[in-house]
$ cat data.pdb   # PDB, C-alpha atoms
ATOM      1  CA  MET M  14       8.550  27.781 -52.176
ATOM      2  CA  VAL M  15       4.968  27.937 -50.859
ATOM      3  CA  TYR M  16       4.969  24.148 -50.455
ATOM      4  CA  TYR M  17       8.209  24.337 -48.428
ATOM      5  CA  CYS M  18       6.810  27.037 -46.085
ATOM      6  CA  ASN M  19       3.598  25.078 -45.519
ATOM      7  CA  MET M  20       5.607  21.955 -44.701
ATOM      8  CA  ASN M  21       7.675  23.896 -42.159
ATOM      9  CA  LYS M  22       4.522  25.261 -40.541
ATOM     10  CA  LEU M  23       2.983  21.805 -40.505
ATOM     11  CA  LEU M  24       6.117  20.311 -38.965
ATOM     12  CA  LEU M  25       6.242  23.090 -36.367
ATOM     13  CA  LEU M  26       2.575  22.505 -35.478
ATOM     14  CA  LEU M  27       3.162  18.768 -35.204
ATOM     15  CA  ILE M  28       6.122  19.268 -32.860
ATOM     16  CA  LEU M  29       4.131  21.724 -30.773
ATOM     17  CA  PHE M  30       1.214  19.294 -30.573
ATOM     18  CA  LEU M  31       3.532  16.466 -29.497
ATOM     19  CA  ILE M  32       5.096  18.620 -26.773
ATOM     20  CA  LEU M  33       1.705  19.760 -25.489
ATOM     21  CA  GLY M  34       0.296  16.251 -25.736
ATOM     22  CA  VAL M  35       3.131  14.773 -23.688
ATOM     23  CA  ASN M  36       2.709  17.486 -21.044
ATOM     24  CA  LEU M  37      -1.040  16.847 -20.896
ATOM     25  CA  LEU M  38      -0.399  13.142 -20.362
ATOM     26  CA  LYS M  39       1.989  13.940 -17.526
ATOM     27  CA  ALA M  40      -0.710  16.052 -15.893
ATOM     28  CA  ILE M  41      -3.114  13.098 -15.686
ATOM     29  CA  PRO M  42      -2.284  11.342 -12.411
ATOM     30  CA  ALA M  43      -2.046   7.561 -12.437
ATOM     31  CA  ALA M  44      -4.528   5.652 -10.309
ATOM     32  CA  GLN M  45      -3.149   5.014  -6.839
ATOM     33  CA  ILE M  46      -3.154   1.368  -5.797
ATOM     34  CA  THR M  47      -2.780   0.533  -2.104
ATOM     35  CA  VAL M  48      -2.597  -2.776  -0.270
ATOM     36  CA  LYS M  49      -3.762  -3.473   3.261
ATOM     37  CA  VAL M  50      -3.222  -6.706   5.162
ATOM     38  CA  ASN M  51      -5.420  -7.328   8.188
ATOM     39  CA  LEU M  52      -3.526  -9.777  10.403
ATOM     40  CA  LYS M  53      -6.483 -10.535  12.676
ATOM     41  CA  ASP M  54      -8.789 -11.490   9.795
ATOM     42  CA  GLN M  55      -5.928 -12.796   7.641
ATOM     43  CA  MET M  56      -7.155 -10.874   4.627
ATOM     44  CA  LEU M  57      -5.381  -8.864   1.956
ATOM     45  CA  TYR M  58      -7.260  -5.918   0.417
ATOM     46  CA  ILE M  59      -6.371  -3.918  -2.684
ATOM     47  CA  ALA M  60      -7.862  -0.471  -3.298
ATOM     48  CA  LYS M  61      -7.684   1.829  -6.313
ATOM     49  CA  ASP M  62      -7.929   5.520  -5.422
ATOM     50  CA  GLY M  63      -9.395   4.458  -2.059
ATOM     51  CA  THR M  64     -12.094   2.213  -3.551
ATOM     52  CA  PRO M  65     -11.777  -1.517  -2.727
ATOM     53  CA  ILE M  66     -11.266  -3.575  -5.886
ATOM     54  CA  PHE M  67      -9.966  -6.942  -4.658
ATOM     55  CA  SER M  68      -9.591  -9.077  -1.534
ATOM     56  CA  THR M  69      -8.280 -12.515  -0.708
ATOM     57  CA  PRO M  70      -7.533 -14.618   2.359
ATOM     58  CA  VAL M  71      -3.850 -14.987   3.232
ATOM     59  CA  GLU M  72      -1.678 -17.006   5.556
ATOM     60  CA  ILE M  73       0.688 -15.174   7.878
ATOM     61  CA  GLY M  74       3.633 -15.843  10.149
ATOM     62  CA  LYS M  75       3.830 -18.459  12.859
ATOM     63  CA  PRO M  76       3.965 -17.269  16.485
ATOM     64  CA  LYS M  77       7.765 -17.772  16.481
ATOM     65  CA  THR M  78       8.143 -15.937  13.150
ATOM     66  CA  PRO M  79       5.286 -13.416  13.059
ATOM     67  CA  THR M  80       4.272 -11.133  10.230
ATOM     68  CA  LEU M  81       5.258  -7.660  11.415
ATOM     69  CA  SER M  82       2.846  -4.735  11.402
ATOM     70  CA  GLY M  83       4.006  -1.620   9.619
ATOM     71  CA  VAL M  84       3.944   0.448   6.478
ATOM     72  CA  TYR M  85       6.006  -0.821   3.551
ATOM     73  CA  ARG M  86       6.400  -0.412  -0.212
ATOM     74  CA  ILE M  87       6.717  -3.023  -2.918
ATOM     75  CA  SER M  88      10.424  -2.683  -3.725
ATOM     76  CA  TYR M  89      10.897  -5.695  -6.001
ATOM     77  CA  LYS M  90       8.695  -7.920  -8.163
ATOM     78  CA  GLU M  91       9.492 -11.253  -9.780
ATOM     79  CA  ILE M  92       7.103 -13.706 -11.400
ATOM     80  CA  SER M  93       9.304 -16.712 -10.752
ATOM     81  CA  TYR M  94      11.413 -16.065  -7.640
ATOM     82  CA  PHE M  95      13.619 -18.798  -6.163
ATOM     83  CA  SER M  96      14.425 -18.548  -2.451
ATOM     84  CA  LYS M  97      17.997 -19.607  -1.743
ATOM     85  CA  VAL M  98      17.222 -19.628   1.994
ATOM     86  CA  PHE M  99      14.286 -22.050   1.703
ATOM     87  CA  GLN M 100      15.411 -23.715  -1.542
ATOM     88  CA  MET M 101      12.005 -23.347  -3.196
ATOM     89  CA  ASP M 102      10.102 -21.417  -5.816
ATOM     90  CA  LEU M 103       7.932 -18.549  -4.554
ATOM     91  CA  PRO M 104       5.875 -17.480  -7.593
ATOM     92  CA  TYR M 105       4.417 -13.983  -7.961
ATOM     93  CA  PHE M 106       6.870 -12.534  -5.464
ATOM     94  CA  LEU M 107       6.348  -8.968  -4.160
ATOM     95  CA  ARG M 108       9.165  -7.878  -1.791
ATOM     96  CA  LEU M 109       8.232  -5.553   1.099
ATOM     97  CA  ASP M 110      10.857  -2.774   1.085
ATOM     98  CA  ASN M 111      14.258  -4.274   1.749
ATOM     99  CA  THR M 112      12.997  -6.740   4.348
ATOM    100  CA  PRO M 113      13.202 -10.522   4.054
ATOM    101  CA  PHE M 114       9.376 -10.524   3.836
ATOM    102  CA  ALA M 115       7.134 -10.622   0.792
ATOM    103  CA  ILE M 116       3.687 -11.333  -0.543
ATOM    104  CA  HIS M 117       3.756 -14.447  -2.730
ATOM    105  CA  TYR M 118       2.099 -17.718  -3.674
ATOM    106  CA  PHE M 119       2.606 -20.723  -1.448
ATOM    107  CA  PRO M 120       0.402 -23.798  -0.939
ATOM    108  CA  SER M 121      -1.621 -23.836   2.256
ATOM    109  CA  HIS M 122      -0.054 -25.241   5.414
ATOM    110  CA  GLY M 123      -2.519 -23.781   7.914
ATOM    111  CA  LYS M 124      -3.509 -20.319   9.087
ATOM    112  CA  PHE M 125      -0.148 -19.475  10.682
ATOM    113  CA  SER M 126       2.384 -21.164   8.478
ATOM    114  CA  THR M 127       4.941 -18.659   7.202
ATOM    115  CA  HIS M 128       8.232 -17.244   8.393
ATOM    116  CA  GLY M 129       6.706 -13.748   8.367
ATOM    117  CA  SER M 130       5.713 -13.406   4.732
ATOM    118  CA  ILE M 131       2.152 -13.097   3.483
ATOM    119  CA  CYS M 132       1.147 -16.140   1.470
ATOM    120  CA  ILE M 133      -1.658 -16.508  -1.026
ATOM    121  CA  ASN M 134      -2.468 -20.195  -1.443
ATOM    122  CA  ASN M 135      -4.200 -19.991  -4.826
ATOM    123  CA  LEU M 136      -1.832 -19.593  -7.783
ATOM    124  CA  ASN M 137      -4.356 -17.741  -9.976
ATOM    125  CA  THR M 138      -5.195 -15.352  -7.136
ATOM    126  CA  ALA M 139      -1.494 -14.719  -6.489
ATOM    127  CA  LYS M 140      -1.060 -13.874 -10.182
ATOM    128  CA  GLU M 141      -4.007 -11.479 -10.020
ATOM    129  CA  VAL M 142      -2.516  -9.701  -6.990
ATOM    130  CA  TYR M 143       0.870  -9.553  -8.733
ATOM    131  CA  ASP M 144      -0.709  -8.017 -11.841
ATOM    132  CA  LEU M 145      -2.744  -5.449  -9.863
ATOM    133  CA  VAL M 146       0.120  -4.207  -7.658
ATOM    134  CA  PRO M 147       2.795  -2.062  -9.315
ATOM    135  CA  LEU M 148       6.310  -1.529  -8.039
ATOM    136  CA  GLY M 149       6.337   1.161  -5.353
ATOM    137  CA  THR M 150       2.813   0.397  -4.086
ATOM    138  CA  GLY M 151       2.220   1.154  -0.419
ATOM    139  CA  VAL M 152       1.434  -1.828   1.819
ATOM    140  CA  THR M 153      -0.017  -1.396   5.308
ATOM    141  CA  ILE M 154       0.037  -4.405   7.631
ATOM    142  CA  GLU M 155      -1.993  -4.102  10.823
TER     143      GLU M 155
END
$ encode --input "data.pdb" --output "structure tokens"
Amino acid sequence: MVYYCNMNKLLLLLILFLILGVNLLKAIPAAQITVKVNLKDQMLYIAKDGTPIFSTPVEIGKPKTPTLSGVYRISYKEISYFSKVFQMDLPYFLRLDNTPFAIHYFPSHGKFSTHGSICINNLNTAKEVYDLVPLGTGVTIE
């Protein structure tokens, strides 16, 4: 009987610890990642809690199909995206809200070469950006 009571107390303490532990984990905020694209300098910057952690040159839209300034969120991610419109693979694809624009890998074709998307012309760098930027991340293009 004593053994049974001690087991119940132990089980109750374990459940209580698990509940408190889960609530403590919820109270710890996740690091906030943000992305900024500077159109003039053609650079993409990633910050964690406001501290810069990564940057890379990018290619942007042609004059007839410019990259649009604004504030967006990463609404979709796919490692191996295939564009039906352009009939080509666009690896490490990060969709900007529900626009036709994205951040993705694409080989270099010159400084102003895209149809409005933001292209990273190094595959390893594009993978690094993809890995650093979670779904829902804010993206400011200016």
$ resolve_selection --input "data.pdb" --expression "the PyMOL selection byres ((chain M and resi 135) around 9)" --output "PyMOL selection string"
chain M and resi 118-121+133-134+136-140
$ closest_residue --input "data.pdb" --among "M:Pro147, M:Pro104, M:Pro113, M:Pro70" --to "Lys53 in chain M" --atoms "all atoms listed in the file"
M:Pro70
$ atom_distance --input "data.pdb" --atom1 "CA of Leu148 in chain M" --atom2 "CA of Tyr89 in chain M"
6.5 Å
$ residues_around --input "data.pdb" --residues "Gln45 in chain M" --least-positions-apart "2" --cutoff "7 Å" --atoms "only C-alpha atoms" --output "ChimeraX atom specification"
/M:43,47,61-62
$ residues_around --input "data.pdb" --residues "Tyr58 in chain M" --least-positions-apart "5" --cutoff "7 Å" --atoms "only C-alpha atoms" --output "PyMOL selection string"
chain M and resi 48-50+67-69
$ resolve_selection --input "data.pdb" --expression "the PyMOL selection byres ((chain M and resi 149) around 12)" --output "PyMOL selection string"
chain M and resi 45-48+85-90+107-111+146-148+150-152
$ closest_residue --input "data.pdb" --among "M:Lys97, M:Ser126, M:Val84, M:Leu145" --to "Ala44 in chain M" --atoms "only C-alpha atoms"
M:Leu145
$ resolve_selection --input "data.pdb" --expression "the PyMOL selection byres ((chain M and resi 127) around 10)" --output "short mmCIF file (atom, residue, chain, number, x, y, z; two decimals) with C-alpha atoms, in the coordinates of the input"
data_model
loop_
_atom_site.label_atom_id
_atom_site.label_comp_id
_atom_site.auth_asym_id
_atom_site.auth_seq_id
_atom_site.Cartn_x
_atom_site.Cartn_y
_atom_site.Cartn_z
CA GLU M 72 -1.68 -17.01 5.56
CA ILE M 73 0.69 -15.17 7.88
CA GLY M 74 3.63 -15.84 10.15
CA LYS M 75 3.83 -18.46 12.86
CA PRO M 76 3.96 -17.27 16.48
CA LYS M 77 7.76 -17.77 16.48
CA THR M 78 8.14 -15.94 13.15
CA PRO M 79 5.29 -13.42 13.06
CA THR M 80 4.27 -11.13 10.23
CA PHE M 114 9.38 -10.52 3.84
CA PHE M 119 2.61 -20.72 -1.45
CA SER M 121 -1.62 -23.84 2.26
CA HIS M 122 -0.05 -25.24 5.41
CA GLY M 123 -2.52 -23.78 7.91
CA LYS M 124 -3.51 -20.32 9.09
CA PHE M 125 -0.15 -19.48 10.68
CA SER M 126 2.38 -21.16 8.48
CA HIS M 128 8.23 -17.24 8.39
CA GLY M 129 6.71 -13.75 8.37
CA SER M 130 5.71 -13.41 4.73
CA ILE M 131 2.15 -13.10 3.48
CA CYS M 132 1.15 -16.14 1.47
#
$ axis_aligned_box --input "data.pdb" --around "range 83-91 of chain M" --padding-each-side "6 Å" --output "JSON"
{"center_x": 7.4, "center_y": -5.4, "center_z": -0.1, "size_x": 19.0, "size_y": 23.7, "size_z": 31.4}
$ atom_distance --input "data.pdb" --atom1 "CA of Thr153 in chain M" --atom2 "CA of Asp102 in chain M"
25.0 Å
$ build_atoms --input "data.pdb" --residues "range 87-107 of chain M" --atoms "N, CA and C atoms" --output "compact mmCIF listing (two decimals), keeping the file's coordinate frame"
# COMPACT_ATOMS: atom_id res chain seq x y z
N ILE M 87 6.25 -1.92 -2.07
CA ILE M 87 6.72 -3.02 -2.92
C ILE M 87 7.99 -2.53 -3.60
N SER M 88 9.12 -3.14 -3.22
CA SER M 88 10.42 -2.68 -3.72
C SER M 88 10.99 -3.58 -4.82
N TYR M 89 10.37 -4.74 -5.02
CA TYR M 89 10.90 -5.70 -6.00
C TYR M 89 9.78 -6.64 -6.39
N LYS M 90 9.70 -6.97 -7.67
CA LYS M 90 8.70 -7.92 -8.16
C LYS M 90 9.39 -8.95 -9.04
N GLU M 91 8.98 -10.21 -8.89
CA GLU M 91 9.49 -11.25 -9.78
C GLU M 91 8.44 -12.35 -9.91
N ILE M 92 8.13 -12.68 -11.13
CA ILE M 92 7.10 -13.71 -11.40
C ILE M 92 7.55 -15.06 -10.88
N SER M 93 8.81 -15.38 -11.09
CA SER M 93 9.30 -16.71 -10.75
C SER M 93 10.54 -16.60 -9.85
N TYR M 94 10.33 -16.28 -8.59
CA TYR M 94 11.41 -16.07 -7.64
C TYR M 94 11.81 -17.40 -7.00
N PHE M 95 13.11 -17.60 -6.86
CA PHE M 95 13.62 -18.80 -6.16
C PHE M 95 14.31 -18.35 -4.88
N SER M 96 13.84 -18.87 -3.74
CA SER M 96 14.42 -18.55 -2.45
C SER M 96 15.62 -19.45 -2.19
N LYS M 97 16.79 -18.84 -2.07
CA LYS M 97 18.00 -19.61 -1.74
C LYS M 97 17.95 -20.08 -0.30
N VAL M 98 17.32 -19.28 0.57
CA VAL M 98 17.22 -19.63 1.99
C VAL M 98 16.38 -20.88 2.18
N PHE M 99 15.21 -20.92 1.53
CA PHE M 99 14.29 -22.05 1.70
C PHE M 99 14.38 -23.08 0.58
N GLN M 100 15.21 -22.81 -0.42
CA GLN M 100 15.41 -23.72 -1.54
C GLN M 100 14.08 -24.11 -2.20
N MET M 101 13.29 -23.08 -2.55
CA MET M 101 12.00 -23.35 -3.20
C MET M 101 11.57 -22.15 -4.04
N ASP M 102 10.70 -22.46 -4.99
CA ASP M 102 10.10 -21.42 -5.82
C ASP M 102 9.01 -20.70 -5.03
N LEU M 103 8.97 -19.38 -5.17
CA LEU M 103 7.93 -18.55 -4.55
C LEU M 103 7.35 -17.67 -5.67
N PRO M 104 6.42 -18.22 -6.45
CA PRO M 104 5.88 -17.48 -7.59
C PRO M 104 5.13 -16.21 -7.18
N TYR M 105 5.12 -15.27 -8.12
CA TYR M 105 4.42 -13.98 -7.96
C TYR M 105 4.87 -13.26 -6.69
N PHE M 106 6.15 -13.06 -6.63
CA PHE M 106 6.87 -12.53 -5.46
C PHE M 106 6.85 -11.01 -5.46
N LEU M 107 6.39 -10.42 -4.36
CA LEU M 107 6.35 -8.97 -4.16
C LEU M 107 7.08 -8.64 -2.86
